Structures are given as structure tokens and as C-alpha cells.
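> The file below is target18.txt, compact mmCIF, C-alpha atoms and all ligand atoms:
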# COMPACT_ATOMS: atom_id res chain seq x y z
CA MET A 1436 -4.40 -6.69 25.69
CA LYS A 1437 -0.83 -7.10 24.49
CA ARG A 1438 0.39 -10.52 23.43
CA ILE A 1439 3.90 -11.71 22.68
CA TYR A 1440 4.73 -14.65 20.45
CA ASN A 1441 8.19 -16.18 20.11
CA ASP A 1442 9.54 -17.95 16.98
CA ILE A 1443 6.38 -17.28 15.02
CA ASN A 1444 5.69 -18.55 11.52
CA LEU A 1445 4.90 -15.63 9.20
CA GLU A 1446 3.39 -17.59 6.31
CA ASN A 1447 -0.14 -16.34 7.04
CA ARG A 1448 1.04 -12.83 7.91
CA ASN A 1449 2.45 -11.84 4.51
CA SER A 1450 0.57 -11.75 1.21
CA PHE A 1451 3.51 -13.30 -0.69
CA GLY A 1452 2.96 -16.35 1.54
CA VAL A 1453 6.68 -16.88 2.13
CA LYS A 1454 7.47 -19.24 5.00
CA GLN A 1455 9.79 -17.11 7.07
CA GLN A 1456 9.91 -16.98 10.91
CA ALA A 1457 10.20 -14.04 13.30
CA ALA A 1458 12.06 -14.26 16.59
CA MET A 1459 9.30 -12.26 18.30
CA LEU A 1460 5.97 -10.71 17.39
CA ALA A 1461 4.21 -8.35 19.79
CA GLU A 1462 0.56 -7.43 19.34
CA PHE A 1463 -0.72 -4.31 21.10
CA GLU A 1464 -4.04 -2.53 21.54
CA THR A 1465 -3.18 0.75 23.26
CA ALA A 1466 -0.41 3.34 23.40
CA GLU A 1467 0.14 2.43 27.08
CA GLU A 1468 0.86 -1.17 26.08
CA LEU A 1469 3.29 0.01 23.41
CA LYS A 1470 5.05 2.18 25.98
CA GLU A 1471 5.39 -0.82 28.33
CA LEU A 1472 6.65 -2.92 25.45
CA PHE A 1473 9.36 -0.45 24.46
CA GLU A 1474 10.35 0.15 28.09
CA GLU A 1475 10.55 -3.58 28.87
CA LEU A 1476 12.09 -4.95 25.67
CA LYS A 1477 14.08 -1.89 24.54
CA PRO A 1478 14.19 -3.47 21.06
CA THR A 1479 17.12 -2.42 18.90
CA LYS A 1480 15.56 -3.92 15.78
CA TRP A 1481 11.83 -3.77 15.13
CA TYR A 1482 9.35 -3.36 12.29
CA VAL A 1483 5.63 -2.59 12.25
CA LEU A 1484 3.80 -5.41 10.52
CA GLY A 1485 0.23 -4.51 9.60
CA ALA A 1486 -1.64 -7.00 7.42
CA GLY A 1487 1.59 -7.83 5.53
CA ASN A 1488 0.33 -6.94 2.04
CA ASN A 1489 3.35 -4.85 1.17
CA THR A 1490 6.15 -6.62 2.99
CA LEU A 1491 8.56 -9.19 1.63
CA PHE A 1492 10.53 -11.22 4.16
CA THR A 1493 13.71 -12.40 2.47
CA ALA A 1494 15.03 -14.13 5.59
CA ASP A 1495 13.91 -15.00 9.10
CA TYR A 1496 13.39 -11.78 11.06
CA ASP A 1497 15.62 -11.63 14.12
CA GLY A 1498 14.06 -8.53 15.69
CA VAL A 1499 10.59 -7.73 17.06
CA LEU A 1500 7.60 -7.40 14.76
CA VAL A 1501 5.11 -4.97 16.27
CA THR A 1502 1.50 -5.47 15.17
CA PRO A 1503 -1.48 -3.31 16.12
CA ILE A 1504 -4.72 -5.13 16.96
CA CYS A 1505 -6.78 -2.03 17.84
CA SER A 1506 -9.59 -1.53 15.33
CA LYS A 1507 -12.26 0.86 16.67
CA ARG A 1508 -14.02 3.33 14.35
CA THR A 1509 -15.44 6.51 15.91
CA ILE A 1510 -17.37 9.39 14.36
CA LEU A 1511 -15.81 12.55 15.79
CA LYS A 1512 -18.08 15.11 14.15
CA ASP A 1513 -20.95 15.24 11.66
CA ASP A 1514 -22.21 18.66 10.51
CA GLY A 1515 -24.62 17.23 7.94
CA GLU A 1516 -22.12 17.60 5.08
CA TRP A 1517 -18.68 16.77 6.43
CA VAL A 1518 -18.10 13.74 8.63
CA ASP A 1519 -14.87 13.32 10.62
CA VAL A 1520 -14.02 9.73 11.48
CA ARG A 1521 -11.18 8.31 13.58
CA VAL A 1522 -10.17 4.78 12.69
CA GLU A 1523 -7.67 2.68 14.64
CA ALA A 1524 -4.66 1.12 12.94
CA ALA A 1525 -5.71 -2.53 12.72
CA HIS A 1526 -9.12 -1.78 11.18
CA ASP A 1527 -9.34 -3.48 7.80
CA TRP A 1528 -9.09 -0.81 5.09
CA ASP A 1529 -11.73 -2.22 2.79
CA GLU A 1530 -14.21 -2.70 5.62
CA PHE A 1531 -13.82 1.01 6.29
CA VAL A 1532 -14.43 1.82 2.61
CA ALA A 1533 -17.50 -0.47 2.59
CA TRP A 1534 -18.82 1.29 5.70
CA SER A 1535 -18.31 4.74 4.11
CA VAL A 1536 -20.17 3.66 0.96
CA ASP A 1537 -23.05 2.15 2.97
CA SER A 1538 -23.20 5.38 5.00
CA GLY A 1539 -23.47 7.58 1.88
CA LEU A 1540 -20.06 9.16 2.54
CA TRP A 1541 -17.83 10.15 -0.41
CA GLY A 1542 -14.05 10.41 -0.55
CA ILE A 1543 -12.52 6.93 -0.48
CA GLU A 1544 -14.78 4.87 -2.79
CA ASN A 1545 -12.12 4.70 -5.55
CA LEU A 1546 -9.79 3.04 -3.03
CA SER A 1547 -12.11 0.04 -2.71
CA ALA A 1548 -10.59 -3.41 -2.32
CA ILE A 1549 -7.01 -2.34 -1.59
CA PRO A 1550 -5.74 -4.96 0.87
CA SER A 1551 -4.47 -2.93 3.80
CA SER A 1552 -4.79 -2.13 7.45
CA VAL A 1553 -5.88 1.47 8.10
CA GLY A 1554 -2.58 2.11 9.91
CA ALA A 1555 -0.55 1.28 6.81
CA ALA A 1556 -2.69 3.39 4.44
CA PRO A 1557 -0.86 6.70 5.10
CA VAL A 1558 2.59 5.07 5.02
CA GLN A 1559 2.71 4.77 1.26
CA ASN A 1560 -0.28 7.06 0.67
CA ILE A 1561 -2.26 4.23 -0.93
CA GLY A 1562 -3.71 5.16 -4.26
CA ALA A 1563 -5.73 3.72 -7.12
CA TYR A 1564 -8.04 4.77 -9.95
CA GLY A 1565 -7.13 8.45 -9.79
CA ALA A 1566 -7.44 8.77 -6.00
CA GLU A 1567 -4.98 8.91 -3.12
CA VAL A 1568 -5.79 8.43 0.53
CA LYS A 1569 -4.04 11.70 1.46
CA ASP A 1570 -7.04 13.62 0.08
CA ALA A 1571 -9.31 12.14 2.75
CA ILE A 1572 -6.86 12.20 5.69
CA THR A 1573 -6.94 15.09 8.15
CA ALA A 1574 -4.56 13.79 10.82
CA VAL A 1575 -2.46 10.82 11.89
CA GLU A 1576 -1.86 9.79 15.50
CA TYR A 1577 1.29 7.81 16.23
CA PHE A 1578 3.38 6.53 19.09
CA ASP A 1579 6.84 8.06 19.05
CA THR A 1580 9.19 5.24 20.04
CA LYS A 1581 12.04 7.65 20.85
CA GLU A 1582 10.06 9.97 23.12
CA LEU A 1583 7.66 7.20 24.26
CA LYS A 1584 4.63 9.43 23.77
CA VAL A 1585 1.62 9.85 21.49
CA VAL A 1586 1.88 12.52 18.79
CA ARG A 1587 -0.85 13.77 16.44
CA ILE A 1588 0.13 15.47 13.18
CA GLY A 1589 -2.02 17.15 10.54
CA CYS A 1590 -2.22 15.94 6.96
CA GLU A 1591 -0.02 18.82 5.79
CA GLU A 1592 2.80 17.56 8.03
CA CYS A 1593 2.68 14.02 6.63
CA GLY A 1594 4.84 14.76 3.55
CA PHE A 1595 2.46 12.92 1.25
CA GLY A 1596 3.47 12.30 -2.37
CA TYR A 1597 3.17 9.51 -4.90
CA ARG A 1598 3.51 6.37 -2.71
CA GLU A 1599 5.37 8.55 -0.24
CA SER A 1600 5.00 10.01 3.22
CA ILE A 1601 7.04 11.13 6.18
CA PHE A 1602 6.49 7.63 7.64
CA LYS A 1603 8.82 6.21 4.98
CA HIS A 1604 11.49 8.81 5.70
CA GLU A 1605 12.00 10.99 8.80
CA LEU A 1606 9.57 8.92 10.90
CA ARG A 1607 10.67 5.50 9.65
CA GLY A 1608 11.82 3.52 12.65
CA VAL A 1609 10.26 6.11 14.95
CA ALA A 1610 6.47 6.20 14.44
CA ILE A 1611 3.95 3.46 15.07
CA ILE A 1612 0.61 4.68 13.74
CA LEU A 1613 -2.21 4.21 16.24
CA ALA A 1614 -5.11 5.81 14.37
CA VAL A 1615 -5.93 7.86 11.28
CA GLU A 1616 -8.52 10.63 11.05
CA PHE A 1617 -10.50 11.08 7.84
CA ARG A 1618 -12.92 13.72 6.58
CA LEU A 1619 -15.62 12.33 4.28
CA HIS A 1620 -18.57 14.18 2.80
CA ARG A 1621 -22.15 13.74 1.60
CA THR A 1622 -22.16 15.79 -1.63
CA PRO A 1623 -21.45 13.41 -4.51
CA THR A 1624 -18.07 13.94 -6.21
CA PRO A 1625 -17.66 11.01 -8.61
CA ASN A 1626 -14.09 10.61 -9.85
CA LEU A 1627 -14.46 8.47 -12.97
CA GLY A 1628 -11.63 9.71 -15.17
CA TYR A 1629 -9.31 6.74 -14.84
CA GLY A 1630 -9.22 3.81 -17.28
CA ASP A 1631 -12.38 1.74 -17.57
CA VAL A 1632 -14.05 3.18 -14.47
CA ILE A 1633 -16.63 5.31 -16.29
CA LYS A 1634 -17.62 2.46 -18.62
CA GLU A 1635 -18.05 0.02 -15.73
CA VAL A 1636 -19.97 2.58 -13.65
CA GLU A 1637 -22.34 3.42 -16.51
CA ALA A 1638 -22.90 -0.29 -17.15
CA ARG A 1639 -24.19 -0.46 -13.57
CA GLY A 1640 -26.63 2.44 -14.01
CA GLY A 1641 -24.62 5.58 -13.17
CA ALA A 1642 -22.37 7.27 -10.65
CA THR A 1643 -23.70 6.22 -7.25
CA LEU A 1644 -21.30 5.33 -4.45
CA LYS A 1645 -22.44 1.70 -4.59
CA ASN A 1646 -21.95 1.46 -8.38
CA ILE A 1647 -18.48 3.04 -8.20
CA ARG A 1648 -17.40 0.62 -5.48
CA GLU A 1649 -18.79 -2.36 -7.38
CA ALA A 1650 -17.17 -1.22 -10.64
CA ILE A 1651 -13.77 -0.78 -9.01
CA CYS A 1652 -13.97 -4.11 -7.19
CA ALA A 1653 -14.88 -5.81 -10.51
CA ILE A 1654 -12.02 -4.14 -12.42
CA ARG A 1655 -9.55 -5.10 -9.69
CA VAL A 1656 -10.70 -8.74 -9.62
CA SER A 1657 -10.30 -8.93 -13.41
CA LYS A 1658 -6.75 -7.55 -13.32
CA LEU A 1659 -5.10 -8.48 -10.04
CA PRO A 1660 -4.38 -11.91 -8.60
CA ASP A 1661 -5.94 -12.73 -5.22
CA PRO A 1662 -3.10 -13.23 -2.71
CA LYS A 1663 -5.09 -16.09 -1.15
CA GLU A 1664 -4.71 -17.98 -4.43
CA LEU A 1665 -1.42 -16.62 -5.77
CA GLY A 1666 1.00 -14.93 -3.37
CA ASN A 1667 1.78 -11.33 -4.34
CA ALA A 1668 2.04 -7.82 -2.91
CA GLY A 1669 0.19 -5.87 -5.62
CA SER A 1670 2.48 -3.61 -7.64
CA PHE A 1671 5.99 -4.74 -6.85
CA PHE A 1672 7.58 -1.65 -8.43
CA LYS A 1673 6.84 2.06 -8.31
CA ASN A 1674 6.25 3.93 -11.55
CA PRO A 1675 9.60 5.62 -12.26
CA ILE A 1676 9.81 9.40 -12.38
CA VAL A 1677 12.41 10.49 -14.93
CA PRO A 1678 13.72 13.80 -16.32
CA SER A 1679 11.54 15.02 -19.27
CA ILE A 1680 14.53 14.70 -21.58
CA VAL A 1681 14.72 10.95 -20.88
CA ALA A 1682 10.96 10.56 -21.48
CA GLU A 1683 11.28 12.47 -24.76
CA ARG A 1684 14.09 10.20 -25.96
CA LEU A 1685 12.02 7.13 -25.13
CA ARG A 1686 8.84 8.55 -26.73
CA ASN A 1687 10.76 9.10 -29.98
CA GLU A 1688 11.75 5.45 -29.95
CA TYR A 1689 8.45 4.08 -28.55
CA PRO A 1690 5.66 6.47 -29.66
CA THR A 1691 2.94 4.48 -27.82
CA MET A 1692 4.74 4.67 -24.45
CA PRO A 1693 2.41 6.03 -21.73
CA SER A 1694 3.71 8.92 -19.65
CA TYR A 1695 2.11 11.22 -17.10
CA PRO A 1696 2.88 14.72 -15.81
CA VAL A 1697 4.22 15.01 -12.28
CA PRO A 1698 2.40 17.68 -10.21
CA ASN A 1699 4.68 20.65 -9.37
CA ALA A 1700 7.61 19.28 -11.41
CA GLU A 1701 7.47 20.34 -15.04
CA ASP A 1702 10.89 18.89 -15.81
CA ARG A 1703 9.90 15.41 -14.60
CA VAL A 1704 7.64 12.76 -16.12
CA LYS A 1705 6.16 9.59 -14.65
CA LEU A 1706 6.44 6.42 -16.75
CA ALA A 1707 4.41 3.23 -16.35
CA ALA A 1708 6.64 0.51 -14.87
CA GLY A 1709 4.13 -2.16 -15.95
CA TRP A 1710 4.39 -1.00 -19.57
CA LEU A 1711 8.21 -1.08 -19.45
CA ILE A 1712 8.20 -4.63 -18.00
CA ASP A 1713 5.62 -5.76 -20.55
CA GLN A 1714 7.57 -4.23 -23.48
CA ALA A 1715 10.73 -5.88 -22.18
CA GLY A 1716 8.93 -9.16 -22.90
CA LEU A 1717 8.53 -10.21 -19.27
CA LYS A 1718 4.73 -10.29 -18.83
CA GLY A 1719 3.88 -13.86 -17.77
CA TYR A 1720 7.59 -14.78 -17.63
CA ARG A 1721 8.45 -17.29 -14.91
CA GLU A 1722 11.63 -18.61 -13.35
CA GLY A 1723 11.16 -21.46 -10.90
CA HIS A 1724 8.60 -20.53 -8.24
CA VAL A 1725 8.43 -16.82 -9.11
CA GLY A 1726 7.06 -14.94 -12.08
CA VAL A 1727 5.56 -11.78 -13.56
CA HIS A 1728 1.76 -11.98 -13.49
CA ASP A 1729 0.28 -12.71 -16.93
CA ARG A 1730 -2.42 -9.98 -16.72
CA GLN A 1731 -0.53 -7.26 -14.85
CA ALA A 1732 3.20 -6.90 -15.45
CA LEU A 1733 3.72 -4.77 -12.33
CA VAL A 1734 2.83 -7.70 -10.11
CA LEU A 1735 5.33 -10.41 -9.20
CA VAL A 1736 3.77 -13.65 -8.03
CA ASN A 1737 4.75 -16.61 -5.89
CA HIS A 1738 3.61 -19.62 -7.91
CA GLY A 1739 3.94 -21.68 -4.75
CA GLY A 1740 6.85 -22.52 -2.49
CA ALA A 1741 9.02 -19.48 -3.34
CA THR A 1742 11.32 -18.13 -0.68
CA GLY A 1743 11.57 -14.37 -0.14
CA GLY A 1744 15.14 -14.57 -1.43
CA GLU A 1745 13.91 -16.07 -4.71
CA VAL A 1746 11.34 -13.28 -5.11
CA LEU A 1747 14.03 -10.66 -4.47
CA HIS A 1748 16.45 -12.29 -6.91
CA PHE A 1749 13.72 -12.37 -9.59
CA ALA A 1750 12.82 -8.72 -8.91
CA GLU A 1751 16.47 -7.75 -9.41
CA PHE A 1752 16.45 -9.63 -12.70
CA VAL A 1753 13.33 -7.71 -13.87
CA CYS A 1754 15.01 -4.39 -12.93
CA SER A 1755 18.14 -5.28 -14.87
CA VAL A 1756 16.20 -6.25 -18.01
CA VAL A 1757 14.26 -2.95 -17.91
CA ARG A 1758 17.47 -0.98 -17.30
CA THR A 1759 19.23 -2.65 -20.23
CA LYS A 1760 16.34 -2.09 -22.65
CA PHE A 1761 15.21 1.42 -21.65
CA GLY A 1762 18.03 2.87 -19.51
CA VAL A 1763 15.46 3.47 -16.74
CA ASP A 1764 15.74 2.27 -13.13
CA ILE A 1765 12.62 0.85 -11.53
CA THR A 1766 12.59 0.51 -7.77
CA PRO A 1767 10.45 -1.62 -5.45
CA GLU A 1768 7.29 -0.28 -3.87
CA VAL A 1769 7.28 -3.32 -1.59
CA ASN A 1770 9.11 -3.14 1.77
CA ILE A 1771 11.92 -5.68 1.63
CA LEU A 1772 13.24 -7.09 4.90
C1 LIG B 1 -3.39 -7.69 -4.38
C2 LIG B 1 -2.83 -6.38 -3.91
C3 LIG B 1 -3.24 -5.19 -4.50
C4 LIG B 1 -2.72 -3.97 -4.07
N1 LIG B 1 -3.17 -2.83 -4.66
C5 LIG B 1 -2.72 -1.62 -4.24
C6 LIG B 1 -3.22 -0.41 -4.81
O1 LIG B 1 -4.08 -0.41 -5.68
N2 LIG B 1 -2.71 0.77 -4.35
C7 LIG B 1 -1.79 0.82 -3.35
O2 LIG B 1 -1.38 1.92 -2.97
N3 LIG B 1 -1.29 -0.32 -2.78
C8 LIG B 1 -1.74 -1.53 -3.21
N4 LIG B 1 -1.24 -2.68 -2.66
C9 LIG B 1 -0.23 -2.59 -1.59
C10 LIG B 1 -0.88 -2.65 -0.19
O3 LIG B 1 -2.25 -2.81 -0.29
C11 LIG B 1 -0.60 -1.37 0.60
O4 LIG B 1 0.77 -1.11 0.68
C12 LIG B 1 -1.16 -1.46 2.02
O5 LIG B 1 -1.16 -0.20 2.64
C13 LIG B 1 -0.42 -2.48 2.86
O6 LIG B 1 -1.10 -2.57 4.09
P1 LIG B 1 -0.65 -3.66 5.16
O7 LIG B 1 -1.33 -3.37 6.44
O8 LIG B 1 -0.87 -5.00 4.62
O9 LIG B 1 0.89 -3.27 5.27
P2 LIG B 1 2.20 -4.03 5.73
O10 LIG B 1 2.77 -4.82 4.60
O11 LIG B 1 1.97 -4.74 6.99
O12 LIG B 1 3.12 -2.74 5.95
C14 LIG B 1 3.42 -1.89 4.90
C15 LIG B 1 4.31 -0.75 5.40
O13 LIG B 1 3.59 0.04 6.32
C16 LIG B 1 4.23 0.02 7.59
N5 LIG B 1 3.16 -0.02 8.58
C17 LIG B 1 2.11 -0.88 8.64
N6 LIG B 1 1.32 -0.56 9.67
C18 LIG B 1 1.89 0.49 10.29
C19 LIG B 1 1.56 1.25 11.44
N7 LIG B 1 0.47 1.02 12.17
N8 LIG B 1 2.42 2.25 11.80
C20 LIG B 1 3.52 2.53 11.09
N9 LIG B 1 3.88 1.85 9.99
C21 LIG B 1 3.07 0.84 9.60
C22 LIG B 1 5.08 -1.22 7.59
O14 LIG B 1 6.15 -1.13 8.53
C23 LIG B 1 5.54 -1.23 6.15
O15 LIG B 1 6.57 -0.30 5.97
C24 LIG B 1 -1.75 -3.93 -3.04
C25 LIG B 1 -1.35 -5.14 -2.43
C26 LIG B 1 -1.88 -6.35 -2.85
C27 LIG B 1 -1.45 -7.62 -2.18
Could you write out this file's structure as C-alpha cells?
Ligand SMILES: Cc1cc2nc3c(=O)[nH]c(=O)nc-3n(C[C@H](O)[C@H](O)[C@H](O)COP(=O)(O)OP(=O)(O)OC[C@H]3O[C@@H](n4cnc5c(N)ncnc54)[C@H](O)[C@@H]3O)c2cc1C

Amino acid sequence: MKRIYNDINLENRNSFGVKQQAAMLAEFETAEELKELFEELKPTKWYVLGAGNNTLFTADYDGVLVTPICSKRTILKDDGEWVDVRVEAAHDWDEFVAWSVDSGLWGIENLSAIPSSVGAAPVQNIGAYGAEVKDAITAVEYFDTKELKVVRIGCEECGFGYRESIFKHELRGVAIILAVEFRLHRTPTPNLGYGDVIKEVEARGGATLKNIREAICAIRVSKLPDPKELGNAGSFFKNPIVPSIVAERLRNEYPTMPSYPVPNAEDRVKLAAGWLIDQAGLKGYREGHVGVHDRQALVLVNHGGATGGEVLHFAEFVCSVVRTKFGVDITPEVNIL
């Protein structure tokens, strides 16, 4: 059933924990309700708010926040090896991963413990520990707010890239994701090549789904602050992709600088934003209520009582320090409103 709230406090609806208000928040369960909502309200300014783990409110929001509350999970097909599952937008991401692991289904175990709604997962193509959600997605179903109808597109039409998708570009301000379809499988395909994953998995007795999930959850807890204790939105910045010539210049000056190839772009290189921030001397640095986390320089934290404006101001400061030291621009991964 759809529900409309006026002048709602957003403190518990964003992982930074900033105390901003929204003029209106509309929760919906079905496409029909969304259609009614758009026909009745004809909102000129709106934003889809999922679980709020990647959204920074820098001021009170004077439009309509649209929030899915539909969370059914349905097995569409199971041929003994491949299992197709449709999951509605408000389903908690990690509960879905936990279910897949308990069901012996491979494909999303490395994405354990990412705080997200399922509907937001394709938007920035969530990724971690050498995996990206795009590799398990087969289709996305969304409500087109211009045409007022439901559309289903295949994975190949979603424009997935590093923290990118069509939902951040052509379909931004158009699509409200209703459900995502995934294809998982039973043959084990452990993906242990990233960081400490293999060591942690072996310490637990080998590459089972359960051990991989436990290892990844443990690594994440050791590195990332829990938003319930310290407001944050995970990585605040994207890793910058620069021309190879820029990376080469920096590698000459900083031989230990990490850099990674960019698929299908030989003349581009991905740098580690966290390393740049750390080397700029900002890891653990704090100004007032906001700071850089002391274990993970990519994460900005609200030490308590920060406004969204203060977080944004601090983020701009971090960008300018990195630009001055390395000549590289880092840009936010977080959605700033
Ligand atoms: C502690 C922590 C760790 C994190 N670690 C990772 C990580 O390892 N990897 C990673 O990729 N991300 C990570 N993140 C970021 C975050 O988990 C993802 O961006 C996640 O997908 C956000 O989900 P959400 O529902 O909370 O999104 P929200 O903040 O509510 O929304 C994020 C974006 O998606 C859009 N959106 C949400 N739902 C829908 C919908 N149904 N239809 C259309 N658009 C929608 C919003 O409009 C917004 O643009 C982390 C965040 C935190 C707080």
C-alpha cells in the first residue's frame, strides 16, 4: 500500500545520519501505485531514496522522495545448474546474498555485507573484492516516469561500467527500479584473487560459499566503519581513471603508487583514490564534525552532529589537497543532493 509522509525527518534514512528534512516522502509497493502517484502529484522534483547508504543530503529536500517498499524474492527458473531469481527493489541486498549462500548458489558471495537495497545495486553497479553485480544481473524492470509504464531491459542494455550504469545517465530522473533479475549457479567458481580474501578463506578451511562470505564480512568489519556507529557512505570518492601518460608521470615520482588497467581502454589507467588521499596526509584527518576515516582513507565520516553541508565542504577540501599534490581530480561516488 502506498503511504505519503509530509515534512519527514531523514536522520534514520541516510547512512551519514545528517538531520535533514524532506517536504514529502512517498512509499510504494506496486507499479500501479507509482503510476497513481505520478498522475496525482505530477512531481517536478523527485529522487528515489532506497536505503540511503549512498546519498548525502546537503540541505532540506523540497521535492518528493520516492521509496520502494516492495521486497518479494521469486525463483523464476531452476534447471539444476542455473537459477534465475527476481528480487524486488526494497529487498535488503545482504539478506539476498545470505539467502544465495545458504541455498548453495554462486555469483554474488563476494558482494557480501554491502549496505544496499536490491533496487539500488544496479544503479552504481555495486562492486567489491573483484566482483561486480553486473555479472549476476540478467535484467532490470523499472517504471518509466515519462511514459508511466513498466519497462524491462536486459543486462546488455544497462550500460554497466565501473560504478556506472544507464540509471546514472540516460535514465536518471526517468527510471524507478521495481525489481532486478539475477542468474546464479551451482558449480563453484571461487573468486579469491583480491587482497586478503584467499588468506582469510584458507584460514576458515577452504573455498566454500560460507567461508568466502564469512571471510569477506570479517575483512569488511575490520576495515570499514559501521554507519550505525559512525555515519558514512562507504567510499566517498570513485577511483580516478587517468590517461596512461599521467599515471606514468606519477609512477616515476611515487614508485609504490598502485594502478590498475582499465578494461577495453589501453590508454587509460585507474588509480586508487584512497592511496592518493592517504599519501596527501589526510588519513584520520578531522575538521570539526567531519573527517577521513583512520583505517580507510576513501571513507569520510560524520563524527557526530555534522550537517550535509559540512560533509560536502570537507569533501571539496580533500579533492583540492589531492589535486594540488598529484594534479589528479577525484570525484564523489556518493549522490549529493
Ligand atoms: C559502510 C558502507 C560500505 C559500502 N561499501 C560499498 C562497496 O563495497 N561497494 C559498493 O559498490 N558500494 C558500497 N557502498 C555504497 C552503497 O552500499 C551502494 O551505493 C548501495 O547500492 C546504496 O544502496 P541504497 O539503497 O542505500 O541507495 P540510496 O543511497 O538510497 O541510493 C543510491 C542511488 O541509487 C538510486 N536508487 C536507489 N534505489 C533506486 C531504485 N529503486 N530505482 C532507481 N534508482 C534508485 C538513488 O536515487 C541514488 O542515486 C557502501 C556504503 C556504506 C555505507
> Given all atoms listed in the file as the basis, pick out the residue of A:Leu1491, A:Glu1474, A:Gln1559, A:Phe1578 nearest to Val1609 (chain A).
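Closest to Val1609 (chain A) of all the choices is A:Phe1578.
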> Excluding region 1748-1760 of chain A and its own-chain neighbours fewer than 2 positions away, which residues fall within 7 Å of it when counting only C-alpha atoms? Please give them as a ChimeraX atom specification.
/A:1711-1712,1715,1725,1744-1746,1762-1765
> Do you have the CA of Val1704 (chain A)-CA of Glu1567 (chain A) distance handy?
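CA of Val1704 (chain A) sits 18.5 Å away from CA of Glu1567 (chain A).
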> Could you pull the residues within 7 Å of region 1655-1664 of chain A, counting all atoms listed in the file, minus those fewer than 5 positions along the same chain, as a VMD selection string?
chain A and resid 1450 to 1451 1730 to 1731
> Show me, as a Markdown table, the residues of chain A having an atom within 6 Å of ligand LIG 1 (chain B), each with the closest atom pair and its distance in Å, using all atoms listed in the file.

| residue | atom | partner | partner_atom | distance |
| --- | --- | --- | --- | --- |
| A:Ser1450 | CA | B:LIG1 | C27 | 5.7 |
| A:Tyr1482 | CA | B:LIG1 | O14 | 5.4 |
| A:Val1483 | CA | B:LIG1 | O14 | 4.0 |
| A:Leu1484 | CA | B:LIG1 | O11 | 4.0 |
| A:Gly1485 | CA | B:LIG1 | O11 | 3.1 |
| A:Ala1486 | CA | B:LIG1 | O8 | 3.5 |
| A:Gly1487 | CA | B:LIG1 | O10 | 3.4 |
| A:Asn1488 | CA | B:LIG1 | O8 | 3.4 |
| A:Asn1489 | CA | B:LIG1 | O10 | 3.5 |
| A:Thr1490 | CA | B:LIG1 | O10 | 4.2 |
| A:Ala1524 | CA | B:LIG1 | N7 | 5.2 |
| A:Ile1549 | CA | B:LIG1 | N1 | 4.9 |
| A:Pro1550 | CA | B:LIG1 | O3 | 4.3 |
| A:Ser1551 | CA | B:LIG1 | O6 | 3.4 |
| A:Ser1552 | CA | B:LIG1 | O7 | 3.8 |
| A:Gly1554 | CA | B:LIG1 | N7 | 3.9 |
| A:Ala1555 | CA | B:LIG1 | N6 | 3.9 |
| A:Ala1556 | CA | B:LIG1 | O5 | 4.3 |
| A:Val1558 | CA | B:LIG1 | O13 | 5.3 |
| A:Ile1561 | CA | B:LIG1 | O2 | 3.2 |
| A:Gly1562 | CA | B:LIG1 | O2 | 4.2 |
| A:Ala1563 | CA | B:LIG1 | O1 | 4.7 |
| A:Ala1610 | CA | B:LIG1 | C20 | 5.8 |
| A:Ile1611 | CA | B:LIG1 | N8 | 3.8 |
| A:Ile1612 | CA | B:LIG1 | N8 | 3.6 |
| A:Leu1613 | CA | B:LIG1 | N7 | 5.8 |
| A:Leu1659 | CA | B:LIG1 | C1 | 6.0 |
| A:Asp1661 | CA | B:LIG1 | C1 | 5.7 |
| A:Pro1662 | CA | B:LIG1 | C1 | 5.8 |
| A:Asn1667 | CA | B:LIG1 | C27 | 5.4 |
| A:Ala1668 | CA | B:LIG1 | C27 | 3.6 |
| A:Gly1669 | CA | B:LIG1 | C26 | 3.5 |
| A:Asn1770 | CA | B:LIG1 | O15 | 5.7 |
